[in-house]
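**Q** Contents of entry-v3.tsv (TSV, C-alpha atoms and all ligand atoms):
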```tsv
chain	number	residue	atom	x	y	z
S	910	MET	CA	-21.91	-9.30	-16.17
S	911	LYS	CA	-21.41	-11.31	-13.01
S	912	GLU	CA	-19.52	-13.92	-14.98
S	913	ASN	CA	-17.22	-11.27	-16.43
S	914	LYS	CA	-16.45	-9.97	-13.01
S	915	LEU	CA	-15.81	-13.44	-11.66
S	916	GLY	CA	-13.56	-14.08	-14.64
S	917	ARG	CA	-11.56	-10.93	-13.93
S	918	GLN	CA	-11.28	-11.83	-10.26
S	919	LYS	CA	-10.10	-15.33	-11.13
S	920	GLY	CA	-7.64	-13.90	-13.63
S	921	ALA	CA	-6.15	-11.52	-11.06
S	922	LEU	CA	-5.93	-14.27	-8.43
S	923	GLU	CA	-4.24	-16.63	-10.86
S	924	TYR	CA	-1.77	-13.95	-11.89
S	925	ILE	CA	-0.90	-13.26	-8.23
S	926	ASN	CA	-0.66	-16.95	-7.31
S	927	ASN	CA	1.56	-17.76	-10.29
S	928	TYR	CA	3.69	-14.64	-10.12
S	929	LYS	CA	7.43	-15.19	-9.89
S	930	PRO	CA	10.20	-12.67	-10.58
S	931	GLN	CA	12.38	-13.95	-13.41
S	932	THR	CA	15.42	-14.40	-11.12
S	933	GLU	CA	15.26	-17.20	-8.55
S	934	GLY	CA	15.33	-15.87	-4.98
S	935	GLN	CA	14.35	-12.34	-6.00
S	936	GLN	CA	11.51	-10.75	-4.11
S	937	LEU	CA	9.37	-7.82	-5.12
S	938	ARG	CA	9.32	-5.15	-2.42
S	939	ILE	CA	6.20	-3.01	-2.21
S	940	LEU	CA	6.42	0.06	0.03
S	941	LEU	CA	3.08	1.37	1.25
S	942	ARG	CA	2.34	4.65	2.96
S	943	GLY	CA	0.05	7.57	3.22
S	944	PRO	CA	-1.18	9.86	5.96
S	945	VAL	CA	-1.55	8.55	9.52
S	946	GLY	CA	-4.57	6.25	9.83
S	947	ALA	CA	-5.07	5.99	6.03
S	948	GLY	CA	-5.58	2.23	6.20
S	949	THR	CA	-2.09	0.97	5.28
S	950	SER	CA	-2.01	-1.83	7.88
S	951	SER	CA	-5.62	-2.73	7.04
S	952	PHE	CA	-4.71	-3.07	3.36
S	953	ILE	CA	-1.87	-5.48	4.15
S	954	ASN	CA	-4.28	-7.48	6.35
S	955	SER	CA	-6.94	-7.39	3.64
S	956	VAL	CA	-4.54	-8.73	1.00
S	957	GLN	CA	-3.53	-11.54	3.31
S	958	SER	CA	-7.18	-12.31	4.10
S	959	VAL	CA	-8.16	-12.48	0.44
S	960	LEU	CA	-5.19	-14.68	-0.49
S	961	LYS	CA	-5.76	-17.03	2.43
S	962	GLY	CA	-9.55	-17.02	2.16
S	963	ARG	CA	-10.07	-16.11	5.79
S	964	MET	CA	-9.74	-13.00	7.99
S	965	CYS	CA	-6.13	-12.29	9.00
S	966	THR	CA	-4.34	-9.65	11.04
S	967	LEU	CA	-0.73	-9.80	9.95
S	968	ALA	CA	-0.11	-6.06	10.28
S	969	LEU	CA	-1.93	-4.80	13.33
S	970	ALA	CA	-4.37	-2.06	12.45
S	971	ASP	CA	-5.45	0.43	15.02
S	972	THR	CA	-8.90	1.57	15.98
S	973	THR	CA	-8.20	3.53	19.13
S	974	THR	CA	-4.96	5.48	19.51
S	975	HIS	CA	-4.40	8.97	18.22
S	976	GLY	CA	-1.27	9.63	16.27
S	977	CYS	CA	0.47	7.02	14.22
S	978	PHE	CA	0.15	3.44	15.35
S	979	THR	CA	2.74	1.97	12.96
S	980	LYS	CA	6.20	3.35	13.76
S	981	GLN	CA	8.64	0.62	12.80
S	982	TYR	CA	10.02	-0.39	9.44
S	983	THR	CA	8.42	-3.79	9.04
S	984	THR	CA	8.40	-6.33	6.22
S	985	TYR	CA	5.30	-8.49	5.86
S	986	LYS	CA	5.46	-11.79	4.04
S	987	ILE	CA	2.48	-13.93	3.21
S	988	GLN	CA	2.68	-17.69	3.48
S	989	LYS	CA	1.42	-19.67	0.49
S	990	ASP	CA	-1.19	-22.40	0.92
S	991	ASN	CA	-0.20	-23.08	4.52
S	992	SER	CA	3.10	-24.45	3.24
S	993	GLU	CA	6.60	-23.34	4.13
S	994	THR	CA	6.82	-21.16	1.02
S	995	PHE	CA	5.98	-17.48	0.81
S	996	TYR	CA	4.64	-15.31	-1.99
S	997	PRO	CA	7.62	-13.68	-3.76
S	998	PHE	CA	6.30	-10.19	-2.99
S	999	VAL	CA	6.63	-8.47	0.37
S	1000	PHE	CA	5.04	-5.39	1.87
S	1001	ASN	CA	6.83	-2.71	3.80
S	1002	ASP	CA	4.95	-0.49	6.18
S	1003	ILE	CA	6.48	2.68	7.58
S	1004	MET	CA	5.31	5.46	9.85
S	1005	GLY	CA	2.56	7.77	8.53
S	1006	LEU	CA	3.48	10.72	6.32
S	1007	ASP	CA	1.99	13.49	8.42
S	1008	HIS	CA	3.66	16.82	8.79
S	1009	GLN	CA	5.71	17.20	12.04
S	1010	ARG	CA	4.77	13.93	13.76
S	1011	GLY	CA	5.20	11.76	10.66
S	1012	VAL	CA	8.11	9.99	9.00
S	1013	LEU	CA	10.81	12.19	7.43
S	1014	VAL	CA	11.00	12.31	3.64
S	1015	ASP	CA	14.75	11.64	3.94
S	1016	ASP	CA	14.05	8.36	5.75
S	1017	VAL	CA	11.63	7.27	3.03
S	1018	LYS	CA	14.37	7.99	0.49
S	1019	LEU	CA	16.71	5.74	2.49
S	1020	ALA	CA	14.07	3.02	2.50
S	1021	PHE	CA	13.76	3.29	-1.30
S	1022	THR	CA	17.43	2.52	-1.72
S	1023	GLY	CA	17.41	-0.33	0.82
S	1024	HIS	CA	19.37	1.44	3.56
S	1025	VAL	CA	16.78	0.97	6.34
S	1026	LYS	CA	16.99	-2.29	8.26
S	1027	GLU	CA	14.03	-4.22	9.53
S	1028	GLY	CA	12.77	-3.04	12.93
S	1029	TYR	CA	14.04	0.54	12.70
S	1030	VAL	CA	11.78	2.85	14.70
S	1031	PHE	CA	11.31	6.05	12.73
S	1032	ASN	CA	12.06	9.30	14.48
S	1033	PRO	CA	10.15	12.33	13.14
S	1034	GLU	CA	12.92	14.60	14.48
S	1035	SER	CA	16.06	13.10	13.01
S	1036	LYS	CA	17.05	11.11	10.00
S	1037	LEU	CA	18.58	7.62	10.21
S	1038	SER	CA	22.33	8.18	10.26
S	1039	GLU	CA	25.02	6.02	8.70
S	1040	GLY	CA	26.44	5.17	12.12
S	1041	ASN	CA	23.13	3.71	13.34
S	1042	LYS	CA	22.94	-0.10	13.65
S	1043	PHE	CA	19.72	-0.02	11.62
S	1044	TYR	CA	21.52	1.58	8.65
S	1045	ASN	CA	22.17	-0.99	5.94
S	1046	LYS	CA	25.48	-0.02	4.34
S	1047	SER	CA	25.40	-2.52	1.48
S	1048	PRO	CA	21.83	-3.11	0.33
S	1049	THR	CA	21.08	-5.82	-2.23
S	1050	VAL	CA	18.39	-5.61	-4.93
S	1051	ASN	CA	16.10	-7.52	-2.54
S	1052	ASP	CA	16.40	-4.75	0.08
S	1053	LYS	CA	15.43	-1.98	-2.35
S	1054	VAL	CA	11.88	-0.84	-3.03
S	1055	HIS	CA	10.42	-1.78	-6.42
S	1056	VAL	CA	7.01	-0.14	-6.28
S	1057	LEU	CA	5.57	2.66	-4.17
S	1058	VAL	CA	1.94	2.61	-3.11
S	1059	CYS	CA	0.45	5.79	-1.75
S	1060	VAL	CA	-2.46	4.94	0.54
S	1061	VAL	CA	-5.11	7.66	0.45
S	1062	PRO	CA	-8.16	7.85	2.73
S	1063	ALA	CA	-11.02	8.76	0.38
S	1064	ASP	CA	-13.20	10.05	3.21
S	1065	THR	CA	-10.81	12.63	4.66
S	1066	LEU	CA	-8.96	13.52	1.48
S	1067	PHE	CA	-10.12	17.12	1.51
S	1068	SER	CA	-8.94	17.66	5.06
S	1069	MET	CA	-5.40	16.53	4.33
S	1070	SER	CA	-3.06	19.41	5.17
S	1071	ASP	CA	-1.05	21.15	2.44
S	1072	GLU	CA	2.11	19.94	4.17
S	1073	THR	CA	1.00	16.31	3.99
S	1074	VAL	CA	0.15	16.68	0.28
S	1075	GLN	CA	3.56	18.28	-0.23
S	1076	LYS	CA	5.21	15.37	1.57
S	1077	ILE	CA	3.42	12.88	-0.67
S	1078	ARG	CA	4.59	14.87	-3.70
S	1079	ASP	CA	8.21	15.03	-2.47
S	1080	ILE	CA	8.27	11.27	-1.93
S	1081	ARG	CA	6.75	10.70	-5.32
S	1082	LEU	CA	9.34	12.95	-6.99
S	1083	GLU	CA	12.16	11.02	-5.35
S	1084	ALA	CA	10.59	7.72	-6.46
S	1085	SER	CA	10.35	9.13	-10.01
S	1086	ARG	CA	13.99	10.16	-9.90
S	1087	LEU	CA	14.92	6.58	-9.04
S	1088	GLY	CA	12.53	5.25	-11.68
S	1089	ILE	CA	10.35	3.49	-9.06
S	1090	PRO	CA	6.77	3.08	-10.32
S	1091	GLN	CA	4.00	4.57	-8.19
S	1092	VAL	CA	0.36	3.85	-7.69
S	1093	ALA	CA	-2.25	5.03	-5.22
S	1094	ILE	CA	-4.98	3.09	-3.49
S	1095	PHE	CA	-8.06	4.89	-2.27
S	1096	THR	CA	-9.24	3.36	1.00
S	1097	LYS	CA	-12.36	3.97	3.11
S	1098	ILE	CA	-14.45	4.46	-0.04
S	1099	ASP	CA	-17.46	3.23	1.96
S	1100	ARG	CA	-17.08	6.22	4.26
S	1101	ALA	CA	-16.62	8.69	1.40
S	1102	CYS	CA	-19.80	7.86	-0.48
S	1103	PRO	CA	-23.19	6.62	0.81
S	1104	GLU	CA	-23.91	4.81	-2.48
S	1105	ILE	CA	-20.75	2.78	-2.10
S	1106	ARG	CA	-21.56	2.10	1.54
S	1107	ARG	CA	-24.92	0.72	0.41
S	1108	ASP	CA	-23.41	-1.36	-2.36
S	1109	ILE	CA	-19.72	-1.56	-3.12
S	1110	ARG	CA	-20.52	-2.31	-6.78
S	1111	ASN	CA	-21.35	1.41	-7.15
S	1112	VAL	CA	-17.66	2.16	-6.94
S	1113	TYR	CA	-17.19	2.98	-10.63
S	1114	ARG	CA	-20.48	4.92	-10.79
S	1115	SER	CA	-19.81	7.18	-7.85
S	1116	LYS	CA	-19.35	10.82	-8.87
S	1117	VAL	CA	-18.15	11.68	-5.38
S	1118	LEU	CA	-15.31	9.19	-5.64
S	1119	LEU	CA	-14.40	10.15	-9.20
S	1120	LYS	CA	-14.16	13.80	-8.18
S	1121	ARG	CA	-11.89	12.94	-5.27
S	1122	MET	CA	-9.67	10.73	-7.37
S	1123	ARG	CA	-9.33	13.50	-9.99
S	1124	LYS	CA	-8.48	16.06	-7.35
S	1125	PHE	CA	-5.83	13.85	-5.80
S	1126	SER	CA	-4.40	12.97	-9.21
S	1127	ALA	CA	-4.04	16.68	-10.06
S	1128	ALA	CA	-2.55	17.60	-6.67
S	1129	VAL	CA	0.02	14.81	-6.50
S	1130	GLY	CA	0.57	13.90	-10.14
S	1131	ILE	CA	-0.38	10.20	-10.07
S	1132	PRO	CA	-2.38	9.46	-13.25
S	1133	MET	CA	-5.99	8.32	-12.90
S	1134	ASN	CA	-5.26	4.88	-14.34
S	1135	CYS	CA	-2.80	4.26	-11.50
S	1136	ILE	CA	-5.34	4.99	-8.74
S	1137	PHE	CA	-7.26	1.97	-7.41
S	1138	PRO	CA	-10.22	2.14	-5.04
S	1139	VAL	CA	-10.37	-0.55	-2.35
S	1140	ARG	CA	-12.61	-1.31	0.57
S	1141	ASN	CA	-10.41	-2.75	3.30
S	1142	TYR	CA	-11.69	-5.38	5.64
S	1143	SER	CA	-11.99	-3.54	8.92
S	1144	SER	CA	-15.01	-4.65	10.91
S	1145	GLU	CA	-16.31	-7.60	8.89
S	1146	ILE	CA	-16.03	-11.18	9.99
S	1147	SER	CA	-16.41	-12.79	6.60
S	1148	LEU	CA	-14.96	-12.10	3.15
S	1149	LYS	CA	-17.08	-10.51	0.45
S	1150	GLU	CA	-16.60	-11.18	-3.22
S	1151	ASP	CA	-16.96	-7.56	-4.39
S	1152	ALA	CA	-14.43	-6.27	-1.88
S	1153	ASP	CA	-12.08	-9.12	-2.86
S	1154	THR	CA	-12.32	-8.12	-6.53
S	1155	LEU	CA	-11.11	-4.57	-5.82
S	1156	ILE	CA	-8.27	-5.75	-3.60
S	1157	LEU	CA	-7.10	-8.36	-6.11
S	1158	SER	CA	-7.29	-5.90	-8.99
S	1159	ALA	CA	-5.20	-3.32	-7.10
S	1160	LEU	CA	-2.65	-5.95	-6.03
S	1161	SER	CA	-2.24	-7.48	-9.50
S	1162	HIS	CA	-1.55	-4.03	-10.96
S	1163	ILE	CA	0.91	-3.21	-8.17
S	1164	ILE	CA	2.80	-6.47	-8.83
S	1165	GLY	CA	2.75	-5.86	-12.59
S	1166	PHE	CA	4.24	-2.36	-12.27
S	1167	GLY	CA	6.87	-3.56	-9.78
S	1168	ASP	CA	7.85	-6.50	-11.95
S	1169	ASP	CA	8.34	-4.27	-15.01
S	1170	PHE	CA	10.70	-2.13	-12.94
S	1171	LEU	CA	12.64	-5.15	-11.57
S	1172	LYS	CA	13.21	-6.41	-15.09
S	1173	LYS	CA	14.05	-3.05	-16.61
S	1174	LYS	CA	16.31	-1.68	-13.90
S	1175	TYR	CA	18.00	-4.78	-12.52
S	1176	GLY	CA	17.29	-7.46	-15.13
S	1177	CYS	CA	15.74	-9.55	-12.31
I	1201	LIG	N1	-14.76	1.78	6.86
I	1201	LIG	C1	-13.48	1.54	6.58
I	1201	LIG	N2	-12.58	1.62	7.58
I	1201	LIG	C2	-11.27	1.37	7.27
I	1201	LIG	C3	-10.84	1.05	5.94
I	1201	LIG	N3	-9.49	0.90	5.96
I	1201	LIG	C4	-9.10	1.09	7.24
I	1201	LIG	N4	-10.16	1.38	8.04
I	1201	LIG	C5	-10.14	1.70	9.49
I	1201	LIG	O1	-9.30	2.85	9.68
I	1201	LIG	C6	-8.58	2.77	10.91
I	1201	LIG	C7	-7.07	2.94	10.65
I	1201	LIG	O2	-6.62	1.87	9.87
I	1201	LIG	P1	-5.10	1.35	9.90
I	1201	LIG	O3	-5.03	0.23	8.93
I	1201	LIG	O4	-4.63	1.14	11.28
I	1201	LIG	O5	-4.37	2.62	9.26
I	1201	LIG	P2	-2.79	2.91	9.15
I	1201	LIG	O6	-2.61	3.73	7.92
I	1201	LIG	O7	-2.03	1.64	9.24
I	1201	LIG	O8	-2.60	3.79	10.46
I	1201	LIG	P3	-1.25	4.21	11.25
I	1201	LIG	O9	-0.30	3.04	11.18
I	1201	LIG	O10	-1.75	4.52	12.63
I	1201	LIG	O11	-0.74	5.43	10.56
I	1201	LIG	C8	-8.94	1.41	11.50
I	1201	LIG	O12	-9.99	1.64	12.44
I	1201	LIG	C9	-9.46	0.61	10.33
I	1201	LIG	O13	-10.41	-0.38	10.72
I	1201	LIG	C10	-11.85	0.99	4.90
I	1201	LIG	O14	-11.59	0.74	3.70
I	1201	LIG	N5	-13.14	1.25	5.28
I	1202	MG	MG	-0.50	1.09	10.48
```
Translate this file's structure into structure tokens.
**A**
Amino acid sequence: MKENKLGRQKGALEYINNYKPQTEGQQLRILLRGPVGAGTSSFINSVQSVLKGRMCTLALADTTTHGCFTKQYTTYKIQKDNSETFYPFVFNDIMGLDHQRGVLVDDVKLAFTGHVKEGYVFNPESKLSEGNKFYNKSPTVNDKVHVLVCVVPADTLFSMSDETVQKIRDIRLEASRLGIPQVAIFTKIDRACPEIRRDIRNVYRSKVLLKRMRKFSAAVGIPMNCIFPVRNYSSEISLKEDADTLILSALSHIIGFGDDFLKKKYGC
């Protein structure tokens, strides 16, 4: 059993390390978002930590402020083996999706099509206009989003407002219209279920988690086989194999879906 799991983990890591889009110079852009404080920045940090084999804080995660900590459109790249090369996939973090104080659905649509430039500070009151210096008038395939990841906090899922769920749905519908594949990651699973907190290997046995994943799937329309539970590194100081396995599994699927889209839509 342990060997199987190790084999799967090794397989996912190899796939990620060897992954290359078929066109030279092409990068796979992964856009992540969910409600404020869902664990988006922590997931980006966790991926970097697992790939580098040590704790990293590429995307600053927040433990104190109220309201959304991440406000800018930021691209995160991960360096490979301490060399000058980077993994050919990048992560984009945007402001949280909350109703009123969150990012506008129209701005997320602009990000999908590559019109939002790096560093743009989202404004929950008005959409990025064409005259703005952060509006990219001629996006390339590299600027566009190739896979959407909805980050869902498993612990507070039931207290998500109807408006936030509606926002997630609207964004998903727009992604579907553009053909962009979508997955969800369930974060904070340790806080949602005491059995998982005790032992993360209970993740696929937890009825609490299964129920929450089913409910989210029905409300938003993301199929169950596209929802991946992860336990982000938040307070730990050393990496744990079982948490790594979940993160690597989620990431390898995200890359696989995005790569299919890149090939199908752009032949890249
Ligand atoms: N226990 C636990 N805590 C987590 C997990 N993921 C994130 N956290 C904590 O949740 C808090 C918010 O995490 P962030 O990564 O800043 O969330 P975010 O979605 O980037 O938040 P904003 O940018 O403010 O919208 C931090 O205190 C993290 O340490 C997890 O899987 N388990
Ligand atoms: Mg953040």
**Q** Could you name the residues that touch S:Ala1020 at 10 Å or less, counting only C-alpha atoms, but leaving out those on the same chain fewer than 6 positions away, as a list in words?
**A**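 The filter keeps Leu940, Tyr982, Asn1001, Ile1003, Val1014, Lys1026, Tyr1044, Asn1045, Asp1052, Lys1053 and Val1054 of chain S.
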**Q** Those selected residues, please, written with C-alpha atoms and delivered as a CSV table (one decimal), keeping the file's coordinate frame.
**A**
```csv
chain,number,residue,atom,x,y,z
S,940,LEU,CA,6.4,0.1,0.0
S,982,TYR,CA,10.0,-0.4,9.4
S,1001,ASN,CA,6.8,-2.7,3.8
S,1003,ILE,CA,6.5,2.7,7.6
S,1014,VAL,CA,11.0,12.3,3.6
S,1026,LYS,CA,17.0,-2.3,8.3
S,1044,TYR,CA,21.5,1.6,8.6
S,1045,ASN,CA,22.2,-1.0,5.9
S,1052,ASP,CA,16.4,-4.8,0.1
S,1053,LYS,CA,15.4,-2.0,-2.4
S,1054,VAL,CA,11.9,-0.8,-3.0
```
**Q** Check which residues fall inside 10 Å of ligand LIG 1201 (chain I) when counting all atoms listed in the file, and print them as a PyMOL selection string.
**A** chain S and resi 941-955+968-981+1002-1007+1011+1060-1064+1095-1101+1106+1138-1145+1152
**Q** Would you compute the distance between atom CA of S:Ile1094 and atom CA of S:Glu933? Give it in Å to one decimal.
**A**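 Separation of atom CA of S:Ile1094 and atom CA of S:Glu933: 29.1 Å.
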**Q** Between atom CA of S:Lys986 and atom CA of S:Ile1089, what is the distance, to one decimal in Å?
**A**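 That distance, rounded to one decimal, is 20.7 Å.
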**Q** Just the number, please: distance in Å from atom CA of S:Asp1079 to atom CA of S:Pro1048, one decimal.
**A**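 Going from atom CA of S:Asp1079 over to atom CA of S:Pro1048 covers 22.9 Å.
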**Q** So, with only C-alpha atoms and all ligand atoms as the atoms that count, which of S:Thr966, S:Asn926, S:Ser1115, S:Gln957 lies closest to ligand MG 1202 (chain I)?
**A** S:Thr966
**Q** Using all atoms listed in the file for the distances, tell me which of S:Leu967, S:Leu922, S:Val1129, S:Ala1084 is nearest to ligand MG 1202 (chain I).
**A**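 Closest to ligand MG 1202 (chain I), using all atoms listed in the file: S:Leu967.
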**Q** Write out as a list of chain:residue names each polymer residue whose atoms come within 7 Å of S:Leu937, counting only C-alpha atoms; drop sequence neighbours fewer than 3 positions from it.
**A** S:Pro997, S:Phe998, S:Val999, S:His1055, S:Gly1167
**Q** Print the selection's residues with C-alpha atoms to a file, as a PDB file, in the coordinates of the input.
**A**
```pdb
ATOM      1  CA  PRO S 997       7.620 -13.680  -3.760  1.00  0.00           C
ATOM      2  CA  PHE S 998       6.300 -10.190  -2.990  1.00  0.00           C
ATOM      3  CA  VAL S 999       6.630  -8.470   0.370  1.00  0.00           C
ATOM      4  CA  HIS S1055      10.420  -1.780  -6.420  1.00  0.00           C
ATOM      5  CA  GLY S1167       6.870  -3.560  -9.780  1.00  0.00           C
TER       6      GLY S1167
END
```
**Q** Go through S:Asp1016, S:Ala1128, S:Ser1035, S:Leu1119 one by one, measure the shortest atom-to-atom distance of each to S:Glu1083 using all atoms listed in the file, and give the residue with the smallest value.
**A**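 Residue with the minimum atom-to-atom distance to S:Glu1083: S:Asp1016.
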**Q** Give the centre and edge lengths of an axis-aligned box, in Å to one decimal, that holds all listed atoms of stretch 955-962 of chain S with 4 Å on each side, as lines of an AutoDock Vina configuration file.
**A**
```
center_x = -6.5
center_y = -12.2
center_z = 1.8
size_x = 14.0
size_y = 17.6
size_z = 12.6
```
**Q** Of the residues S:Gln931, S:Phe1166, S:Thr1022, S:Gln988, which is the one nearest to S:Asn1051, using only C-alpha atoms?
**A**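 Residue with the minimum atom-to-atom distance to S:Asn1051: S:Thr1022.
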**Q** Residues near S:Ala1159, anyone? I mean within 7 Å using all atoms listed in the file, not counting same-chain ones fewer than 4 positions away, as a PyMOL selection string.
**A** chain S and resi 1137+1155+1163
**Q** For S:Ile1164, which residue among S:Ser992, S:Gln936, S:Gln918, S:Thr984 is the nearest when counting all atoms listed in the file?
**A**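 Among the listed residues, S:Gln936 lies closest to S:Ile1164.
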**Q** For S:Thr1073, which residue out of S:Lys1046, S:Leu1118, S:Lys1018, S:Cys1059 is the nearest one, using all atoms listed in the file?
**A** S:Cys1059
**Q** List the residues sitting within 10 Å of (18.7, 6.5, 8.6) in the file's frame, using all atoms listed in the file, as a list of chain:residue names.
**A**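 Residues satisfying the cut-off, written out: S:Leu1013, S:Asp1015, S:Asp1016, S:Val1017, S:Lys1018, S:Leu1019, S:Ala1020, S:His1024, S:Val1025, S:Lys1026, S:Tyr1029, S:Val1030, S:Phe1031, S:Asn1032, S:Ser1035, S:Lys1036, S:Leu1037, S:Ser1038, S:Glu1039, S:Gly1040, S:Asn1041, S:Lys1042, S:Phe1043, S:Tyr1044, S:Asn1045.
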